[in-house]
>>> print(open('structure01.cif').read())   # mmCIF, C-alpha atoms
data_model
#
loop_
_atom_site.label_atom_id
_atom_site.label_comp_id
_atom_site.auth_asym_id
_atom_site.auth_seq_id
_atom_site.Cartn_x
_atom_site.Cartn_y
_atom_site.Cartn_z
CA MET A 15 12.94 -62.37 47.46
CA LEU A 16 14.71 -59.20 48.53
CA ARG A 17 17.85 -58.36 46.58
CA ILE A 18 19.94 -58.29 49.76
CA ALA A 19 18.70 -61.78 50.65
CA ARG A 20 19.69 -63.10 47.23
CA LEU A 21 23.12 -61.45 47.47
CA ALA A 22 23.59 -62.87 50.97
CA CYS A 23 22.81 -66.40 49.72
CA PHE A 24 25.16 -65.94 46.81
CA ALA A 25 27.91 -64.62 49.11
CA ALA A 26 27.37 -67.54 51.51
CA ALA A 27 27.68 -70.01 48.61
CA ILE A 28 30.91 -68.38 47.42
CA ALA A 29 32.30 -68.35 50.96
CA ALA A 30 31.47 -72.04 51.46
CA THR A 31 33.13 -72.91 48.14
CA TRP A 32 36.21 -70.97 49.11
CA VAL A 33 36.49 -72.70 52.51
CA ALA A 34 36.06 -76.10 50.84
CA VAL A 35 38.76 -75.39 48.27
CA LEU A 36 41.02 -74.03 51.01
CA GLN A 37 40.69 -77.23 53.01
CA LYS A 38 41.47 -79.38 49.95
CA THR A 39 44.53 -77.36 48.94
CA THR A 40 47.53 -78.19 51.13
CA GLU A 41 50.66 -77.61 48.96
CA GLU A 42 52.15 -74.25 49.54
CA PRO A 43 52.02 -72.10 46.38
CA ALA A 44 48.44 -73.17 45.64
CA ARG A 45 47.26 -72.64 49.22
CA THR A 46 48.49 -69.07 49.41
CA ALA A 47 46.89 -68.38 46.06
CA VAL A 48 43.51 -69.64 47.25
CA LEU A 49 43.89 -67.74 50.51
CA LEU A 50 44.55 -64.48 48.69
CA ALA A 51 41.94 -65.06 45.95
CA PRO A 52 39.14 -63.07 47.67
CA LEU A 53 41.49 -60.11 48.17
CA ALA A 54 42.54 -60.26 44.52
CA ALA A 55 38.90 -60.36 43.45
CA ALA A 56 38.09 -57.35 45.62
CA LEU A 57 41.02 -55.38 44.18
CA LEU A 58 40.04 -56.30 40.63
CA PHE A 59 36.47 -55.18 41.30
CA ALA A 60 37.67 -51.89 42.78
CA ALA A 61 39.86 -51.31 39.74
CA TYR A 62 36.89 -52.04 37.47
CA LEU A 63 34.72 -49.55 39.36
CA ALA A 64 37.41 -46.86 39.27
CA THR A 65 37.88 -47.36 35.52
CA SER A 66 34.11 -47.29 34.93
CA LEU A 67 33.86 -44.07 36.88
CA LEU A 68 36.67 -42.30 35.04
CA LEU A 69 35.40 -43.49 31.66
CA GLY A 70 31.94 -42.33 32.61
CA VAL A 71 33.18 -38.87 33.49
CA ALA A 72 35.37 -38.68 30.37
CA THR A 73 32.40 -39.53 28.12
CA PHE A 74 29.93 -37.32 29.97
CA ARG A 75 28.97 -34.90 27.22
CA THR A 76 29.00 -31.17 27.79
CA VAL A 77 26.66 -29.57 25.28
CA PRO A 78 27.07 -25.79 24.98
CA GLU A 79 24.74 -25.71 21.97
CA GLU A 80 21.83 -26.66 24.21
CA ALA A 81 22.54 -23.76 26.51
CA GLU A 82 22.52 -21.42 23.50
CA LEU A 83 19.28 -22.89 22.21
CA LEU A 84 17.74 -22.45 25.63
CA GLN A 85 18.74 -18.80 25.68
CA LYS A 86 17.08 -18.32 22.29
CA ASP A 87 13.92 -20.03 23.49
CA ILE A 88 13.88 -17.88 26.59
CA ALA A 89 14.18 -14.77 24.43
CA ARG A 90 11.21 -15.86 22.34
CA ALA A 91 9.18 -16.64 25.44
CA LYS A 92 10.01 -13.29 27.02
CA ALA A 93 9.05 -11.43 23.86
CA ASP A 94 5.66 -13.13 23.60
CA LEU A 95 4.94 -12.82 27.32
CA ALA A 96 5.71 -9.11 27.12
CA LYS A 97 3.28 -8.79 24.22
CA ARG A 98 0.65 -10.52 26.28
CA GLY A 99 1.30 -8.18 29.19
CA VAL A 100 2.41 -10.87 31.64
CA LYS A 101 4.52 -9.31 34.40
CA TYR A 102 7.03 -11.37 36.38
CA MET B 9 -25.54 -44.24 16.14
CA VAL B 10 -24.96 -45.47 19.65
CA THR B 11 -21.63 -44.48 21.07
CA THR B 12 -20.47 -46.68 23.93
CA ARG B 13 -18.45 -45.17 26.76
CA SER B 14 -15.35 -47.16 25.86
CA ALA B 15 -15.59 -46.11 22.22
CA VAL B 16 -15.73 -42.47 23.26
CA LYS B 17 -12.79 -42.97 25.60
CA ALA B 18 -10.73 -44.68 22.92
CA ALA B 19 -11.40 -41.88 20.46
CA ARG B 20 -10.23 -39.22 22.93
CA ARG B 21 -6.62 -38.18 22.75
CA PRO B 22 -4.51 -39.07 25.81
CA ARG B 23 -3.98 -36.12 28.11
CA TYR B 24 -0.59 -35.23 29.57
CA SER B 25 -0.46 -33.56 32.99
CA VAL B 26 2.76 -31.80 33.95
CA LEU B 27 3.40 -31.54 37.69
CA LEU B 28 5.45 -28.47 38.57
CA PRO B 29 6.33 -28.13 42.24
CA THR B 30 7.57 -24.59 42.78
CA TYR B 31 9.22 -22.54 45.47
CA ASN B 32 10.36 -19.04 44.55
CA GLU B 33 10.22 -19.56 40.80
CA ARG B 34 8.67 -16.22 39.90
CA GLU B 35 11.11 -15.67 37.05
CA ASN B 36 11.16 -19.19 35.67
CA ILE B 37 7.51 -20.24 35.94
CA ALA B 38 6.30 -17.94 33.17
CA LEU B 39 9.06 -19.11 30.86
CA ILE B 40 8.64 -22.83 31.50
CA VAL B 41 4.86 -22.63 31.13
CA TRP B 42 5.20 -20.71 27.88
CA LEU B 43 7.65 -23.30 26.49
CA LEU B 44 5.42 -26.16 27.63
CA VAL B 45 2.38 -24.61 25.96
CA GLU B 46 4.36 -24.09 22.76
CA THR B 47 5.55 -27.71 22.76
CA PHE B 48 2.13 -29.19 23.45
CA GLU B 49 0.39 -27.05 20.86
CA LYS B 50 3.04 -27.66 18.22
CA HIS B 51 2.69 -31.42 18.68
CA GLU B 52 -1.10 -31.34 19.09
CA LEU B 53 -1.03 -33.01 22.49
CA ASP B 54 -3.82 -32.64 25.00
CA TRP B 55 -2.31 -31.09 28.11
CA GLU B 56 -2.60 -29.46 31.49
CA ILE B 57 -0.08 -28.06 33.94
CA VAL B 58 -0.51 -28.47 37.69
CA VAL B 59 1.53 -25.93 39.65
CA ILE B 60 2.09 -26.94 43.27
CA ASP B 61 3.44 -23.85 44.91
CA ASP B 62 4.61 -24.06 48.51
CA ASN B 63 3.51 -20.55 49.48
CA SER B 64 6.40 -18.80 47.74
CA PRO B 65 7.05 -15.35 49.19
CA ASP B 66 8.34 -14.01 45.86
CA GLY B 67 4.96 -13.82 44.14
CA THR B 68 5.19 -17.03 42.07
CA GLN B 69 1.45 -17.57 42.49
CA ASP B 70 0.62 -14.12 41.11
CA VAL B 71 2.52 -14.97 37.95
CA VAL B 72 0.66 -18.30 37.70
CA CYS B 73 -2.64 -16.44 37.96
CA GLN B 74 -1.62 -14.25 35.04
CA LEU B 75 -0.69 -17.36 33.07
CA GLN B 76 -4.10 -18.80 33.86
CA GLN B 77 -5.65 -15.67 32.32
CA GLN B 78 -3.56 -16.19 29.21
CA PHE B 79 -3.84 -19.93 28.69
CA GLY B 80 -6.97 -20.94 30.57
CA GLU B 81 -7.77 -21.91 34.13
CA ASP B 82 -8.76 -25.34 32.87
CA ARG B 83 -5.26 -25.82 31.46
CA ILE B 84 -3.13 -24.24 34.16
CA LEU B 85 -4.13 -25.53 37.55
CA LEU B 86 -2.78 -23.73 40.59
CA ARG B 87 -2.95 -26.02 43.61
CA PRO B 88 -0.83 -24.37 46.31
CA ARG B 89 0.11 -25.57 49.77
CA ALA B 90 0.59 -23.73 53.03
CA GLY B 91 4.37 -24.04 53.19
CA LYS B 92 7.48 -25.91 52.15
CA LEU B 93 6.37 -29.50 52.50
CA GLY B 94 8.80 -31.40 50.29
CA LEU B 95 8.87 -32.83 46.81
CA GLY B 96 7.29 -36.22 47.48
CA THR B 97 4.16 -34.78 49.03
CA ALA B 98 4.05 -32.18 46.26
CA TYR B 99 3.78 -34.98 43.70
CA VAL B 100 1.08 -36.72 45.73
CA HIS B 101 -0.83 -33.45 46.04
CA GLY B 102 -0.46 -32.73 42.33
CA LEU B 103 -1.56 -36.25 41.39
CA LYS B 104 -4.81 -35.74 43.26
CA HIS B 105 -5.63 -32.80 40.99
CA ALA B 106 -4.21 -34.08 37.72
CA THR B 107 -6.81 -35.30 35.22
CA GLY B 108 -4.42 -36.68 32.61
CA ASP B 109 -3.77 -40.25 31.53
CA PHE B 110 -0.06 -39.54 31.80
CA VAL B 111 1.91 -37.46 34.27
CA ILE B 112 5.17 -35.69 33.54
CA ILE B 113 7.48 -34.65 36.34
CA MET B 114 10.25 -32.16 35.67
CA ASP B 115 12.16 -29.29 37.21
CA ALA B 116 10.55 -25.88 36.93
CA ASP B 117 13.83 -24.00 36.65
CA LEU B 118 14.49 -24.58 32.92
CA SER B 119 17.15 -27.25 33.47
CA HIS B 120 14.68 -29.65 31.84
CA HIS B 121 13.57 -28.41 28.45
CA PRO B 122 9.98 -29.17 27.41
CA LYS B 123 11.21 -29.96 23.89
CA TYR B 124 12.09 -33.50 25.04
CA ILE B 125 8.49 -34.27 25.96
CA PRO B 126 7.38 -35.26 22.44
CA ALA B 127 10.20 -37.81 22.30
CA MET B 128 9.02 -39.25 25.61
CA VAL B 129 5.43 -39.35 24.37
CA GLU B 130 6.51 -41.14 21.18
CA LYS B 131 8.62 -43.62 23.11
CA GLN B 132 5.72 -44.47 25.36
CA ALA B 133 3.32 -44.79 22.43
CA ALA B 134 5.76 -46.97 20.49
CA THR B 135 6.65 -49.36 23.32
CA GLY B 136 3.56 -49.20 25.52
CA CYS B 137 5.82 -48.83 28.55
CA ASP B 138 4.73 -47.48 31.91
CA ILE B 139 7.52 -45.00 32.45
CA VAL B 140 9.85 -43.01 30.19
CA THR B 141 12.83 -41.45 31.89
CA GLY B 142 15.19 -38.85 30.53
CA THR B 143 18.82 -39.91 30.70
CA ARG B 144 21.89 -37.73 30.67
CA TYR B 145 24.25 -40.67 30.38
CA ARG B 146 23.24 -42.39 27.18
CA GLN B 147 24.14 -41.51 23.59
CA GLY B 148 22.56 -38.17 22.76
CA GLY B 149 22.30 -37.10 26.38
CA GLY B 150 24.52 -34.73 28.32
CA VAL B 151 24.75 -31.66 30.52
CA PHE B 152 25.83 -28.06 30.39
CA GLY B 153 27.29 -26.00 33.22
CA TRP B 154 28.90 -28.85 35.17
CA ASN B 155 32.60 -28.93 36.02
CA PHE B 156 34.72 -32.05 36.49
CA LYS B 157 33.90 -32.34 40.20
CA ARG B 158 30.18 -32.12 39.60
CA LYS B 159 30.31 -34.69 36.80
CA LEU B 160 32.40 -36.97 39.02
CA THR B 161 29.85 -36.73 41.82
CA SER B 162 26.97 -37.44 39.48
CA ARG B 163 28.64 -40.41 37.80
CA GLY B 164 29.97 -41.69 41.12
CA ALA B 165 26.58 -41.59 42.77
CA ASN B 166 25.00 -43.29 39.79
CA LEU B 167 27.70 -45.97 39.58
CA LEU B 168 27.32 -46.77 43.26
CA ALA B 169 23.57 -47.08 42.84
CA GLN B 170 23.94 -49.20 39.69
CA THR B 171 26.33 -51.58 41.46
CA LEU B 172 24.15 -51.99 44.52
CA LEU B 173 20.71 -51.97 42.93
CA GLN B 174 21.10 -52.95 39.25
CA PRO B 175 17.90 -51.17 38.38
CA GLY B 176 18.03 -51.48 34.57
CA VAL B 177 17.86 -47.70 34.16
CA SER B 178 20.96 -45.70 33.22
CA ASP B 179 20.08 -42.41 34.95
CA LEU B 180 18.75 -43.09 38.42
CA THR B 181 18.73 -39.63 39.93
CA GLY B 182 17.17 -37.91 36.93
CA SER B 183 13.84 -36.23 37.56
CA PHE B 184 12.52 -35.64 34.05
CA ARG B 185 10.06 -38.48 33.60
CA LEU B 186 6.76 -39.47 32.09
CA PHE B 187 4.49 -41.95 33.87
CA ARG B 188 1.18 -43.60 33.31
CA LYS B 189 -0.82 -41.91 36.04
CA PRO B 190 -1.83 -45.11 37.90
CA CYS B 191 1.79 -46.24 37.90
CA LEU B 192 3.08 -43.06 39.56
CA GLU B 193 0.23 -43.14 42.08
CA LYS B 194 1.04 -46.70 43.07
CA VAL B 195 4.80 -46.12 43.33
CA MET B 196 4.47 -42.84 45.25
CA ALA B 197 2.53 -44.64 47.96
CA LEU B 198 5.67 -46.67 48.71
CA CYS B 199 8.35 -43.98 48.60
CA THR B 200 9.94 -42.54 51.73
CA SER B 201 13.34 -41.16 50.65
CA LYS B 202 14.29 -37.50 50.52
CA GLY B 203 16.58 -35.60 48.19
CA TYR B 204 18.24 -37.25 45.20
CA ALA B 205 17.54 -40.71 46.60
CA PHE B 206 13.84 -40.00 46.17
CA GLN B 207 14.06 -40.04 42.37
CA MET B 208 16.12 -43.19 42.63
CA GLU B 209 13.54 -44.81 44.86
CA ILE B 210 10.76 -44.11 42.36
CA ALA B 211 12.71 -45.87 39.60
CA VAL B 212 13.74 -48.84 41.71
CA ARG B 213 10.34 -49.42 43.30
CA ALA B 214 8.67 -49.17 39.91
CA LYS B 215 11.03 -51.78 38.50
CA ARG B 216 10.47 -54.10 41.44
CA LEU B 217 6.71 -53.78 40.95
CA GLY B 218 7.15 -54.96 37.39
CA TYR B 219 6.58 -51.66 35.59
CA THR B 220 8.46 -51.20 32.33
CA ILE B 221 10.84 -48.28 31.90
CA GLU B 222 12.25 -46.89 28.66
CA GLU B 223 14.72 -44.03 28.24
CA VAL B 224 15.22 -41.04 25.98
CA PRO B 225 18.40 -38.95 25.97
CA ILE B 226 18.11 -35.45 27.36
CA VAL B 227 20.52 -32.61 27.94
CA PHE B 228 20.36 -31.07 31.41
CA VAL B 229 21.26 -27.37 31.37
CA ASP B 230 22.20 -26.40 34.87
CA ARG B 231 20.14 -23.66 36.52
CA ILE B 232 20.59 -20.34 34.97
CA TYR B 233 18.75 -18.47 37.67
CA GLY B 234 20.01 -19.39 41.11
CA ALA B 235 22.54 -21.86 42.45
CA SER B 236 22.31 -25.66 42.41
CA LYS B 237 22.40 -27.33 45.78
CA LEU B 238 24.85 -30.18 46.36
CA GLY B 239 26.39 -29.93 49.82
CA GLY B 240 27.64 -32.53 52.28
CA ALA B 241 24.19 -32.87 53.80
CA GLU B 242 22.68 -33.75 50.40
CA ILE B 243 25.33 -36.40 49.85
CA VAL B 244 24.77 -37.99 53.27
CA MET B 245 21.02 -38.02 52.62
CA TYR B 246 21.63 -39.73 49.30
CA LEU B 247 23.86 -42.43 50.82
CA LYS B 248 21.31 -43.10 53.55
CA GLY B 249 18.58 -43.39 50.93
CA LEU B 250 20.72 -45.71 48.84
CA ALA B 251 21.50 -47.97 51.81
CA ASN B 252 17.81 -48.10 52.66
CA LEU B 253 16.90 -49.13 49.12
CA PHE B 254 19.70 -51.69 49.02
CA LEU B 255 18.37 -53.38 52.13
CA THR B 256 14.63 -53.12 51.51
CA THR B 257 14.05 -53.78 47.80
#
>>> encode(input="structure01.cif", output="structure tokens")
Amino acid sequence: MLRIARLACFAAAIAATWVAVLQKTTEEPARTAVLLAPLAAALLFAAYLATSLLLGVATFRTVPEEAELLQKDIARAKADLAKRGVKY
Amino acid sequence: MVTTRSAVKAARRPRYSVLLPTYNERENIALIVWLLVETFEKHELDWEIVVIDDNSPDGTQDVVCQLQQQFGEDRILLRPRAGKLGLGTAYVHGLKHATGDFVIIMDADLSHHPKYIPAMVEKQAATGCDIVTGTRYRQGGGVFGWNFKRKLTSRGANLLAQTLLQPGVSDLTGSFRLFRKPCLEKVMALCTSKGYAFQMEIAVRAKRLGYTIEEVPIVFVDRIYGASKLGGAEIVMYLKGLANLFLTT
């Protein structure tokens, strides 16, 4: 089954549940809460994504040592290639 | 003593074919080939390098010919094409000429260091997986030469793809990978994306086909010769590719 199809079924099930709960809830404070629940969920999810992103960037390692090692390797390669007479 | 074909095959070391699509890499190709040869010889791996050059005007092919003189025409295969025909078709073209049991794809501009190949080989041998992908995001991985904006774009793109596709691979747009040859051949036949989404498509399609993917950390050192391309057009192409994968896999 395609992923989008599975997600659509899941979304439909959630939507149906929400409508059912909405119809059962008639007293005021609870009704507004149920009505706003999807919006709250969306906001929470957005906050989670934003936090994930910022954490991901904060922990994204910059490794200057690797750049130095690469330069050394390049120097070795160039020296040997020169010895072999390879022109580039 | 009668040696059966399968016994001979089992006794032979696995061969690793590196596919190097090139366009105007006259300076880098000699260096990357030299480093690859050093790595393979040091670790006693059977190897070959397939250079797929898209008719570079800067003399890349001349340098490859010199390298063939140095390291052997049977080891360094030059299989050029008439013009710039794209990365996907370059892989397909290279695969046709590769004789290895495993295929390694990587950038030819020294942003992917050959020294990570032995770790990929070991990972594959230890787990028996179909694909090993280098990851910049896991413990031990990283980058050099990227500012905050570039890191944000990379992580953002990856996070979006993770959320929509849940592929079970931490680095979706990475292009430093080792494949069992039949696996890459089968997956390539299904791929249609361009740009960064192409690497993503390979990973996702492979997963959906049931291939197993393991990861090894790598450090990506941004291009030292020449400028990296990440413009608005690239981003749009990526989003289109992502949407396509989201809806069709």
>>> resolve_selection(input="structure01.cif", expression="the PyMOL selection byres ((chain A) within 10 of (chain B))", output="MDAnalysis selection string")
chainID A and resid 15:19 21 63:64 66:82 84:85 87:92 94:95 98:102
>>> resolve_selection(input="structure01.cif", expression="the PyMOL selection byres ((chain B and resi 133-140) around 10)", output="JSON, numbers by chain")
{"B": [110, 111, 112, 125, 127, 128, 129, 130, 131, 132, 141, 142, 143, 184, 185, 186, 187, 188, 189, 190, 191, 192, 211, 214, 215, 218, 219, 220, 221, 222, 223, 224]}
>>> write_last_selection(input="structure01.cif", atoms="C-alpha atoms", output="CSV table (one decimal), keeping the file's coordinate frame")
chain,number,residue,atom,x,y,z
B,110,PHE,CA,-0.1,-39.5,31.8
B,111,VAL,CA,1.9,-37.5,34.3
B,112,ILE,CA,5.2,-35.7,33.5
B,125,ILE,CA,8.5,-34.3,26.0
B,127,ALA,CA,10.2,-37.8,22.3
B,128,MET,CA,9.0,-39.2,25.6
B,129,VAL,CA,5.4,-39.4,24.4
B,130,GLU,CA,6.5,-41.1,21.2
B,131,LYS,CA,8.6,-43.6,23.1
B,132,GLN,CA,5.7,-44.5,25.4
B,141,THR,CA,12.8,-41.4,31.9
B,142,GLY,CA,15.2,-38.8,30.5
B,143,THR,CA,18.8,-39.9,30.7
B,184,PHE,CA,12.5,-35.6,34.0
B,185,ARG,CA,10.1,-38.5,33.6
B,186,LEU,CA,6.8,-39.5,32.1
B,187,PHE,CA,4.5,-42.0,33.9
B,188,ARG,CA,1.2,-43.6,33.3
B,189,LYS,CA,-0.8,-41.9,36.0
B,190,PRO,CA,-1.8,-45.1,37.9
B,191,CYS,CA,1.8,-46.2,37.9
B,192,LEU,CA,3.1,-43.1,39.6
B,211,ALA,CA,12.7,-45.9,39.6
B,214,ALA,CA,8.7,-49.2,39.9
B,215,LYS,CA,11.0,-51.8,38.5
B,218,GLY,CA,7.2,-55.0,37.4
B,219,TYR,CA,6.6,-51.7,35.6
B,220,THR,CA,8.5,-51.2,32.3
B,221,ILE,CA,10.8,-48.3,31.9
B,222,GLU,CA,12.2,-46.9,28.7
B,223,GLU,CA,14.7,-44.0,28.2
B,224,VAL,CA,15.2,-41.0,26.0
>>> closest_residue(input="structure01.cif", among="B:Lys123, B:Arg87, B:Lys202, B:Lys92", to="B:Phe48", atoms="only C-alpha atoms")
B:Lys123
>>> residues_around(input="structure01.cif", residues="B:Thr30", least_positions_apart="5", cutoff="10 Å", atoms="only C-alpha atoms", output="PyMOL selection string")
chain B and resi 36-37+59-64+68-69+88+92+95+98+115-117
>>> write_last_selection(input="structure01.cif", atoms="C-alpha atoms", output="PDB file, keeping the file's coordinate frame")
ATOM      1  CA  ASN B  36      11.160 -19.190  35.670  1.00  0.00           C
ATOM      2  CA  ILE B  37       7.510 -20.240  35.940  1.00  0.00           C
ATOM      3  CA  VAL B  59       1.530 -25.930  39.650  1.00  0.00           C
ATOM      4  CA  ILE B  60       2.090 -26.940  43.270  1.00  0.00           C
ATOM      5  CA  ASP B  61       3.440 -23.850  44.910  1.00  0.00           C
ATOM      6  CA  ASP B  62       4.610 -24.060  48.510  1.00  0.00           C
ATOM      7  CA  ASN B  63       3.510 -20.550  49.480  1.00  0.00           C
ATOM      8  CA  SER B  64       6.400 -18.800  47.740  1.00  0.00           C
ATOM      9  CA  THR B  68       5.190 -17.030  42.070  1.00  0.00           C
ATOM     10  CA  GLN B  69       1.450 -17.570  42.490  1.00  0.00           C
ATOM     11  CA  PRO B  88      -0.830 -24.370  46.310  1.00  0.00           C
ATOM     12  CA  LYS B  92       7.480 -25.910  52.150  1.00  0.00           C
ATOM     13  CA  LEU B  95       8.870 -32.830  46.810  1.00  0.00           C
ATOM     14  CA  ALA B  98       4.050 -32.180  46.260  1.00  0.00           C
ATOM     15  CA  ASP B 115      12.160 -29.290  37.210  1.00  0.00           C
ATOM     16  CA  ALA B 116      10.550 -25.880  36.930  1.00  0.00           C
ATOM     17  CA  ASP B 117      13.830 -24.000  36.650  1.00  0.00           C
TER      18      ASP B 117
END
>>> build_atoms(input="structure01.cif", residues="stretch 38-46 of chain A", atoms="all heavy atoms", output="mmCIF file, in the coordinates of the input")
data_model
loop_
_atom_site.group_PDB
_atom_site.id
_atom_site.type_symbol
_atom_site.label_atom_id
_atom_site.label_comp_id
_atom_site.auth_asym_id
_atom_site.auth_seq_id
_atom_site.Cartn_x
_atom_site.Cartn_y
_atom_site.Cartn_z
ATOM 1 N N LYS A 38 40.917 -78.337 50.837
ATOM 2 C CA LYS A 38 41.470 -79.380 49.950
ATOM 3 C C LYS A 38 42.888 -79.048 49.500
ATOM 4 O O LYS A 38 43.671 -79.933 49.173
ATOM 5 C CB LYS A 38 40.580 -79.502 48.692
ATOM 6 C CG LYS A 38 39.210 -80.102 48.945
ATOM 7 C CD LYS A 38 39.138 -81.534 48.426
ATOM 8 C CE LYS A 38 37.802 -82.163 48.743
ATOM 9 N NZ LYS A 38 36.727 -81.547 47.915
ATOM 10 N N THR A 39 43.219 -77.752 49.454
ATOM 11 C CA THR A 39 44.530 -77.360 48.940
ATOM 12 C C THR A 39 45.535 -77.281 50.077
ATOM 13 O O THR A 39 45.404 -76.473 50.992
ATOM 14 C CB THR A 39 44.464 -75.968 48.267
ATOM 15 O OG1 THR A 39 43.129 -75.720 47.877
ATOM 16 C CG2 THR A 39 45.372 -75.865 47.083
ATOM 17 N N THR A 40 46.560 -78.163 50.040
ATOM 18 C CA THR A 40 47.530 -78.190 51.130
ATOM 19 C C THR A 40 48.945 -77.796 50.702
ATOM 20 O O THR A 40 49.726 -77.296 51.504
ATOM 21 C CB THR A 40 47.583 -79.582 51.792
ATOM 22 O OG1 THR A 40 47.667 -80.560 50.743
ATOM 23 C CG2 THR A 40 46.329 -79.838 52.623
ATOM 24 N N GLU A 41 49.287 -77.979 49.401
ATOM 25 C CA GLU A 41 50.660 -77.610 48.960
ATOM 26 C C GLU A 41 50.777 -76.104 48.940
ATOM 27 O O GLU A 41 49.813 -75.395 48.634
ATOM 28 C CB GLU A 41 50.973 -78.156 47.547
ATOM 29 C CG GLU A 41 50.730 -79.638 47.376
ATOM 30 C CD GLU A 41 49.344 -79.887 46.799
ATOM 31 O OE1 GLU A 41 49.037 -79.259 45.750
ATOM 32 O OE2 GLU A 41 48.569 -80.662 47.390
ATOM 33 N N GLU A 42 51.993 -75.666 49.226
ATOM 34 C CA GLU A 42 52.150 -74.250 49.540
ATOM 35 C C GLU A 42 51.745 -73.236 48.466
ATOM 36 O O GLU A 42 50.886 -72.410 48.726
ATOM 37 C CB GLU A 42 53.575 -73.938 50.033
ATOM 38 C CG GLU A 42 53.551 -73.140 51.342
ATOM 39 C CD GLU A 42 52.304 -72.331 51.622
ATOM 40 O OE1 GLU A 42 52.048 -71.303 50.915
ATOM 41 O OE2 GLU A 42 51.533 -72.669 52.545
ATOM 42 N N PRO A 43 52.353 -73.226 47.283
ATOM 43 C CA PRO A 43 52.020 -72.100 46.380
ATOM 44 C C PRO A 43 50.504 -72.004 46.134
ATOM 45 O O PRO A 43 49.930 -70.913 46.179
ATOM 46 C CB PRO A 43 52.768 -72.387 45.087
ATOM 47 C CG PRO A 43 53.666 -73.524 45.371
ATOM 48 C CD PRO A 43 53.181 -74.215 46.609
ATOM 49 N N ALA A 44 49.873 -73.163 45.925
ATOM 50 C CA ALA A 44 48.440 -73.170 45.640
ATOM 51 C C ALA A 44 47.644 -72.646 46.821
ATOM 52 O O ALA A 44 46.688 -71.875 46.661
ATOM 53 C CB ALA A 44 47.969 -74.562 45.250
ATOM 54 N N ARG A 45 48.029 -73.012 48.029
ATOM 55 C CA ARG A 45 47.260 -72.640 49.220
ATOM 56 C C ARG A 45 47.240 -71.124 49.429
ATOM 57 O O ARG A 45 46.211 -70.536 49.710
ATOM 58 C CB ARG A 45 47.844 -73.317 50.463
ATOM 59 C CG ARG A 45 46.898 -73.181 51.639
ATOM 60 C CD ARG A 45 47.368 -73.930 52.874
ATOM 61 N NE ARG A 45 46.571 -73.523 54.013
ATOM 62 C CZ ARG A 45 45.338 -73.985 54.285
ATOM 63 N NH1 ARG A 45 44.778 -74.865 53.476
ATOM 64 N NH2 ARG A 45 44.671 -73.565 55.329
ATOM 65 N N THR A 46 48.433 -70.522 49.254
ATOM 66 C CA THR A 46 48.490 -69.070 49.410
ATOM 67 C C THR A 46 47.638 -68.383 48.350
ATOM 68 O O THR A 46 46.955 -67.389 48.622
ATOM 69 C CB THR A 46 49.944 -68.555 49.296
ATOM 70 O OG1 THR A 46 50.783 -69.420 50.064
ATOM 71 C CG2 THR A 46 50.073 -67.138 49.799
#
